[in-house]
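What follows is upload27.cif (mmCIF, C-alpha atoms).
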data_work
loop_
_atom_site.label_atom_id
_atom_site.label_comp_id
_atom_site.auth_asym_id
_atom_site.auth_seq_id
_atom_site.Cartn_x
_atom_site.Cartn_y
_atom_site.Cartn_z
CA MET A 1 41.73 26.44 9.96
CA LEU A 2 40.05 26.73 6.60
CA THR A 3 40.30 29.75 4.32
CA THR A 4 38.98 30.47 0.84
CA ARG A 5 42.48 29.95 -0.60
CA PHE A 6 41.41 26.46 -1.60
CA VAL A 7 43.91 24.00 -2.99
CA THR A 8 43.60 20.47 -4.36
CA GLY A 9 42.50 18.09 -1.63
CA ALA A 10 41.11 20.74 0.73
CA PRO A 11 37.39 21.24 1.45
CA ASN A 12 35.95 23.83 -0.92
CA TRP A 13 32.21 23.23 -0.56
CA ILE A 14 29.62 22.00 1.93
CA ASP A 15 25.92 21.43 1.54
CA LEU A 16 22.90 20.39 3.54
CA GLY A 17 20.32 17.79 2.58
CA THR A 18 17.18 18.29 4.65
CA PRO A 19 13.51 17.26 4.49
CA ASP A 20 12.43 20.86 5.14
CA ILE A 21 14.57 23.53 3.51
CA ALA A 22 12.30 26.32 4.73
CA GLY A 23 12.49 25.09 8.32
CA ALA A 24 16.24 24.55 8.07
CA THR A 25 16.67 28.07 6.70
CA SER A 26 14.79 29.48 9.67
CA PHE A 27 16.99 27.50 12.05
CA TYR A 28 20.33 28.50 10.51
CA ARG A 29 19.21 32.10 9.99
CA ALA A 30 18.53 32.45 13.72
CA LEU A 31 21.71 30.54 14.62
CA PHE A 32 24.27 31.97 12.18
CA GLY A 33 22.51 34.84 10.38
CA TRP A 34 22.22 32.96 7.08
CA ASP A 35 19.76 33.67 4.27
CA PHE A 36 18.84 31.21 1.53
CA GLN A 37 18.97 32.13 -2.15
CA SER A 38 17.66 29.82 -4.87
CA ALA A 39 20.15 28.76 -7.54
CA GLY A 40 17.41 29.22 -10.12
CA PRO A 41 14.55 27.32 -11.76
CA ASP A 42 16.86 24.73 -13.35
CA ALA A 43 18.63 23.81 -10.09
CA GLY A 44 16.03 21.37 -8.76
CA GLY A 45 15.43 23.37 -5.59
CA TYR A 46 19.12 23.75 -4.77
CA GLY A 47 20.25 27.05 -3.36
CA PHE A 48 22.90 28.91 -1.41
CA PHE A 49 23.08 29.82 2.25
CA GLN A 50 24.57 33.28 2.40
CA LEU A 51 26.01 35.49 5.13
CA ASP A 52 26.08 39.20 4.32
CA GLY A 53 25.64 38.32 0.64
CA LYS A 54 28.49 35.78 0.48
CA THR A 55 27.95 32.04 0.08
CA VAL A 56 28.83 29.94 3.14
CA ALA A 57 27.11 26.67 2.11
CA GLY A 58 24.65 25.07 -0.26
CA GLY A 59 21.44 23.23 0.51
CA MET A 60 18.34 21.58 -0.84
CA GLN A 61 15.27 19.67 0.22
CA SER A 62 15.93 15.92 0.09
CA THR A 63 13.77 12.82 0.24
CA GLU A 64 14.06 9.83 2.55
CA GLY A 65 15.43 7.79 -0.35
CA GLN A 66 18.36 10.20 -0.65
CA GLY A 67 19.56 9.36 2.84
CA PRO A 68 19.13 10.92 6.28
CA PRO A 69 19.39 14.68 6.83
CA SER A 70 23.07 15.54 6.78
CA TRP A 71 25.86 17.92 5.89
CA THR A 72 28.16 16.75 3.09
CA VAL A 73 31.73 18.03 2.91
CA SER A 74 33.21 18.27 -0.61
CA PHE A 75 36.89 18.43 -1.52
CA GLN A 76 38.54 20.27 -4.37
CA THR A 77 39.80 18.28 -7.32
CA PRO A 78 41.04 19.32 -10.77
CA ASP A 79 39.50 16.16 -12.27
CA ALA A 80 36.44 14.66 -10.60
CA ASP A 81 36.41 11.66 -12.93
CA ALA A 82 40.00 10.70 -12.19
CA THR A 83 39.51 11.21 -8.46
CA ALA A 84 36.34 9.09 -8.43
CA LYS A 85 38.20 6.34 -10.28
CA ALA A 86 41.04 6.53 -7.75
CA ALA A 87 38.49 6.21 -4.92
CA GLU A 88 37.03 3.06 -6.45
CA GLN A 89 40.50 1.59 -6.93
CA ALA A 90 41.27 2.34 -3.27
CA GLY A 91 38.19 0.50 -2.05
CA GLY A 92 35.68 3.35 -1.87
CA GLY A 93 32.28 3.68 -3.51
CA THR A 94 30.60 6.07 -5.95
CA PRO A 95 26.91 6.47 -5.02
CA ALA A 96 26.69 9.52 -7.31
CA PRO A 97 29.19 9.41 -10.23
CA PRO A 98 30.73 12.63 -11.57
CA MET A 99 28.27 14.94 -13.29
CA ASP A 100 28.24 18.50 -14.57
CA VAL A 101 26.26 21.06 -12.58
CA MET A 102 25.44 23.34 -15.49
CA ASP A 103 28.48 25.61 -15.86
CA ALA A 104 29.08 25.85 -12.11
CA GLY A 105 31.43 22.87 -11.90
CA ARG A 106 31.54 19.08 -11.80
CA MET A 107 30.58 17.09 -8.72
CA ALA A 108 30.46 13.54 -7.37
CA ILE A 109 29.41 11.87 -4.13
CA LEU A 110 31.70 9.11 -2.87
CA THR A 111 32.16 6.87 0.15
CA ASP A 112 35.46 5.99 1.78
CA THR A 113 36.55 2.49 2.83
CA THR A 114 34.54 2.64 6.06
CA GLY A 115 31.40 4.09 4.49
CA ALA A 116 31.70 7.80 5.30
CA VAL A 117 30.10 9.96 2.61
CA PHE A 118 32.02 12.86 1.08
CA GLY A 119 31.83 14.93 -2.07
CA LEU A 120 34.11 16.16 -4.84
CA TRP A 121 33.89 19.60 -6.40
CA GLN A 122 35.76 20.39 -9.61
CA PRO A 123 35.41 24.16 -9.90
CA GLY A 124 33.83 25.77 -12.92
CA ARG A 125 32.06 29.09 -12.66
CA ILE A 126 31.71 28.51 -8.91
CA LYS A 127 35.16 28.10 -7.38
CA GLY A 128 34.01 27.26 -3.86
CA LEU A 129 32.69 28.86 -0.70
CA GLU A 130 33.04 32.62 -0.54
CA VAL A 131 33.59 32.73 3.23
CA ALA A 132 35.49 30.35 5.52
CA GLY A 133 37.00 30.74 8.97
CA ASP A 134 34.89 33.76 9.95
CA PRO A 135 32.02 33.64 12.48
CA GLY A 136 29.04 31.91 10.87
CA SER A 137 31.14 29.96 8.36
CA LEU A 138 32.96 26.65 7.98
CA CYS A 139 36.32 26.55 9.76
CA TRP A 140 37.25 22.86 10.36
CA VAL A 141 36.10 19.35 9.40
CA GLU A 142 36.46 16.09 11.30
CA LEU A 143 36.11 12.50 10.11
CA TYR A 144 34.66 9.99 12.57
CA THR A 145 35.66 6.51 11.47
CA THR A 146 36.09 2.92 12.58
CA ASP A 147 39.66 2.62 11.24
CA VAL A 148 41.93 5.68 11.35
CA PRO A 149 44.99 4.16 9.59
CA LYS A 150 42.84 2.63 6.85
CA VAL A 151 41.00 5.83 5.96
CA ALA A 152 44.19 7.90 6.28
CA ALA A 153 45.71 5.70 3.59
CA PHE A 154 42.53 5.99 1.50
CA TYR A 155 42.44 9.80 1.52
CA GLY A 156 46.17 9.88 0.89
CA ALA A 157 45.73 7.78 -2.24
CA VAL A 158 42.59 9.58 -3.46
CA LEU A 159 43.10 13.24 -2.50
CA GLY A 160 46.80 13.34 -1.67
CA LEU A 161 46.09 14.18 1.95
CA GLU A 162 48.79 13.95 4.58
CA THR A 163 48.30 13.22 8.27
CA SER A 164 50.25 14.08 11.38
CA ALA A 165 49.77 13.28 15.06
CA VAL A 166 49.27 16.06 17.59
CA GLN A 167 49.80 14.96 21.18
CA PHE A 168 47.54 16.04 24.03
CA PRO A 169 47.15 14.82 27.63
CA GLY A 170 45.80 11.28 27.42
CA GLY A 171 46.28 10.65 23.72
CA SER A 172 46.88 12.07 20.27
CA TYR A 173 44.82 13.64 17.48
CA THR A 174 45.32 12.88 13.79
CA CYS A 175 45.41 16.11 11.78
CA VAL A 176 44.90 16.34 8.00
CA ASN A 177 46.34 18.71 5.40
CA PRO A 178 46.83 18.77 1.61
CA GLU A 179 50.05 17.29 0.30
CA GLY A 180 53.01 19.54 1.03
CA ALA A 181 50.93 22.19 2.82
CA GLY A 182 52.19 21.40 6.31
CA ASP A 183 50.65 22.93 9.42
CA ASP A 184 49.61 26.08 7.54
CA GLY A 185 47.27 24.03 5.37
CA MET A 186 45.75 21.94 8.16
CA PHE A 187 41.97 21.83 7.80
CA GLY A 188 40.69 18.88 9.82
CA GLY A 189 41.22 15.71 11.76
CA ILE A 190 40.39 12.02 11.95
CA VAL A 191 38.88 10.50 15.08
CA ASP A 192 38.06 6.88 15.95
CA VAL A 193 34.36 6.76 16.91
CA ASP A 194 35.17 4.31 19.70
CA ASP A 195 37.54 6.84 21.29
CA ASP A 196 34.83 9.49 21.34
CA PRO A 197 32.07 8.98 23.94
CA THR A 198 29.66 11.18 21.98
CA GLY A 199 30.23 9.22 18.77
CA THR A 200 30.18 5.60 19.92
CA GLY A 201 27.79 3.61 17.78
CA ALA A 202 27.54 6.30 15.10
CA ALA A 203 28.16 5.42 11.48
CA PRO A 204 31.37 6.90 10.00
CA HIS A 205 30.79 10.49 8.90
CA TRP A 206 32.41 13.86 8.23
CA LEU A 207 31.45 16.54 10.78
CA PRO A 208 31.65 20.24 9.83
CA TYR A 209 32.65 22.88 12.39
CA PHE A 210 31.32 26.43 12.14
CA GLU A 211 33.07 29.35 13.82
CA VAL A 212 30.97 31.32 16.34
CA THR A 213 31.57 34.28 18.62
CA ASP A 214 30.02 32.60 21.70
CA THR A 215 29.73 28.82 21.90
CA ASP A 216 27.44 28.75 24.95
CA ALA A 217 25.02 31.29 23.50
CA THR A 218 24.93 29.37 20.22
CA VAL A 219 24.13 26.12 22.05
CA THR A 220 21.30 27.82 23.95
CA THR A 221 19.85 29.27 20.75
CA ALA A 222 20.08 25.92 18.95
CA GLN A 223 18.15 24.21 21.75
CA GLU A 224 15.49 26.92 21.77
CA LEU A 225 15.08 26.39 18.02
CA GLY A 226 14.61 22.62 18.33
CA GLY A 227 18.21 21.46 17.85
CA GLN A 228 19.85 18.83 20.04
CA VAL A 229 23.17 18.86 21.90
CA THR A 230 25.35 15.78 21.37
CA MET A 231 28.36 17.25 23.22
CA PRO A 232 27.95 20.18 25.64
CA ALA A 233 30.20 23.21 25.33
CA THR A 234 33.71 22.09 26.27
CA ASP A 235 37.04 23.91 26.45
CA MET A 236 39.94 22.38 24.50
CA GLU A 237 43.22 23.93 25.60
CA GLY A 238 44.87 25.84 22.78
CA VAL A 239 41.97 25.04 20.43
CA GLY A 240 38.86 26.78 21.69
CA ARG A 241 35.42 26.12 23.12
CA ILE A 242 33.55 23.43 21.21
CA ALA A 243 30.04 21.95 21.15
CA ARG A 244 28.42 19.37 18.90
CA LEU A 245 24.82 19.69 17.82
CA THR A 246 22.14 18.50 15.46
CA ASP A 247 19.63 20.72 13.74
CA PRO A 248 15.89 20.01 14.25
CA TYR A 249 15.97 17.44 11.43
CA GLY A 250 19.00 15.50 12.67
CA ALA A 251 21.86 16.89 10.55
CA ARG A 252 25.05 16.83 12.63
CA PHE A 253 27.44 19.77 12.97
CA ALA A 254 29.73 21.38 15.52
CA VAL A 255 30.48 24.94 16.57
CA ILE A 256 33.68 26.44 17.96
CA LYS A 257 34.89 29.74 19.30
CA SER A 258 38.51 29.33 18.38
CA ALA A 259 41.22 30.18 20.85
CA THR A 260 42.97 33.46 20.21
CA PRO A 261 46.31 32.68 18.54
CA GLN A 262 49.26 33.27 20.83
CA THR A 263 51.72 35.96 19.70
#

Give the structure from this file in structure tokens form.
Amino acid sequence: MLTTRFVTGAPNWIDLGTPDIAGATSFYRALFGWDFQSAGPDAGGYGFFQLDGKTVAGGMQSTEGQGPPSWTVSFQTPDADATAKAAEQAGGGTPAPPMDVMDAGRMAILTDTTGAVFGLWQPGRIKGLEVAGDPGSLCWVELYTTDVPKVAAFYGAVLGLETSAVQFPGGSYTCVNPEGAGDDGMFGGIVDVDDDPTGTGAAPHWLPYFEVTDTDATVTTAQELGGQVTMPATDMEGVGRIARLTDPYGARFAVIKSATPQT
């Protein structure tokens, strides 16, 4: 699972684009206990979702021309320009080329070889999320794609990510970690959309998972607040209890009460 000991290639930021930042704040406050703090008058409406005063995500109000409501996962890089160039050379796209975000850092928005959107964050004053892995914060990310081997090679070339197969009854799951980090650095997985009944027909995308203390209660609250369930609460042996949701505006995310580690 994710921690705030971020290394090159690992997720270090996540943000929400939504048509109604006030409504989204109300939803995530009731669901996870988040508050929203503006990044200031020069930030174009961008701000920080915070839990007990620590940043767990970013967010801003977006327009229809900026794409559908969604969560964007960003990965740490020491050089956003070089990483963006590597992505283009590997067959990806650069819808938003690298740019400075005041003194906070340098960012870019890219697409992989199957069209999934992801971000880069080159830390400046802001190193990354202040909380990860705790209830109410990001703990895992999953890529839904049309070609697992192709995108695995892409992220290997661009971010130095390594993959490994974890077997389970009926199949295997492709796990992802930064180069040389091994199982201890594992932060996500890659799934073929056609192998996932809840994802069939969906465009390739990264899905964030947020840790919760009670998956079923979180699902109930999300529905009461206008969210939708795309996968009901389901137990995954050795992993935890998972559900996939959308917020009232259509941004996709998942929640998990992780299994207690065996000692």

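Proximity of A:Met107, A:Ala157, A:Ile256, A:Ala96 to A:Asp79, computed with all atoms listed in the file, is greatest for A:Met107.
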
As a check of understanding, name the residues that the PyMOL selection byres ((chain A and resi 33) around 10) selects in the supplied structure, as a ChimeraX atom specification. /A:25-32,34-35,49-52,135-136

Quick one: write out the picked residues with C-alpha atoms as a short mmCIF file (atom, residue, chain, number, x, y, z; two decimals), keeping the file's coordinate frame?
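File written: again25.cif
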data_model
loop_
_atom_site.label_atom_id
_atom_site.label_comp_id
_atom_site.auth_asym_id
_atom_site.auth_seq_id
_atom_site.Cartn_x
_atom_site.Cartn_y
_atom_site.Cartn_z
CA THR A 25 16.67 28.07 6.70
CA SER A 26 14.79 29.48 9.67
CA PHE A 27 16.99 27.50 12.05
CA TYR A 28 20.33 28.50 10.51
CA ARG A 29 19.21 32.10 9.99
CA ALA A 30 18.53 32.45 13.72
CA LEU A 31 21.71 30.54 14.62
CA PHE A 32 24.27 31.97 12.18
CA TRP A 34 22.22 32.96 7.08
CA ASP A 35 19.76 33.67 4.27
CA PHE A 49 23.08 29.82 2.25
CA GLN A 50 24.57 33.28 2.40
CA LEU A 51 26.01 35.49 5.13
CA ASP A 52 26.08 39.20 4.32
CA PRO A 135 32.02 33.64 12.48
CA GLY A 136 29.04 31.91 10.87
#

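The gap separating atom CA of A:Ala251 from atom CA of A:Glu224 is 16.3 Å, in Å to one decimal.
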
Using all atoms listed in the file, pick whichever of A:Gly23, A:Gly180, A:Asp15, A:Thr3 has the shortest atom-to-atom distance to A:Pro248. A:Gly23

Nearest-residue call for A:Pro19, choices A:Gln89, A:Gln61, A:Thr114, A:Gln37, using only C-alpha atoms: A:Gln61

With a distance cut-off of 7 Å and all atoms listed in the file, select the neighbouring residues of A:Pro97, excluding the residue or stretch itself and same-chain residues fewer than 3 positions from it, and output the selection as an NGL selection string. :A and (94 or 108-109)

Can you write out the residues you just picked, keeping C-alpha atoms, as a compact mmCIF listing (two decimals), in the coordinates of the input?
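Result file is again-v1.txt:
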# COMPACT_ATOMS: atom_id res chain seq x y z
CA THR A 94 30.60 6.07 -5.95
CA ALA A 108 30.46 13.54 -7.37
CA ILE A 109 29.41 11.87 -4.13

Compile the contact shell of A:Asp216 as a ChimeraX atom specification: residues with an atom at most 9 Å away, counting all atoms listed in the file, same-chain residues fewer than 4 positions apart removed. /A:220-221,232-233,241-243

Using the partial input, fill out stretch 185-196 of chain A with N, CA and C atoms; write the result as a compact mmCIF listing (two decimals), keeping the file's coordinate frame.
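Contents of rebuild.txt, as written:
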# COMPACT_ATOMS: atom_id res chain seq x y z
N GLY A 185 48.40 24.47 6.18
CA GLY A 185 47.27 24.03 5.37
C GLY A 185 46.33 23.09 6.10
N MET A 186 46.55 22.88 7.39
CA MET A 186 45.75 21.94 8.16
C MET A 186 44.29 22.38 8.19
N PHE A 187 43.38 21.47 7.87
CA PHE A 187 41.97 21.83 7.80
C PHE A 187 41.06 20.91 8.58
N GLY A 188 41.58 19.80 9.14
CA GLY A 188 40.69 18.88 9.82
C GLY A 188 41.43 17.78 10.53
N GLY A 189 40.65 16.82 11.03
CA GLY A 189 41.22 15.71 11.76
C GLY A 189 40.44 14.44 11.55
N ILE A 190 41.01 13.34 12.02
CA ILE A 190 40.39 12.02 11.95
C ILE A 190 40.30 11.45 13.36
N VAL A 191 39.13 10.98 13.73
CA VAL A 191 38.88 10.50 15.08
C VAL A 191 38.23 9.12 15.00
N ASP A 192 38.69 8.19 15.85
CA ASP A 192 38.06 6.88 15.95
C ASP A 192 36.77 7.04 16.76
N VAL A 193 35.64 6.59 16.21
CA VAL A 193 34.36 6.76 16.91
C VAL A 193 34.38 6.09 18.27
N ASP A 194 35.14 5.02 18.42
CA ASP A 194 35.17 4.31 19.70
C ASP A 194 35.97 5.06 20.76
N ASP A 195 36.79 6.02 20.34
CA ASP A 195 37.54 6.84 21.29
C ASP A 195 36.79 8.09 21.68
N ASP A 196 35.61 8.28 21.10
CA ASP A 196 34.83 9.49 21.34
C ASP A 196 33.50 9.10 21.98
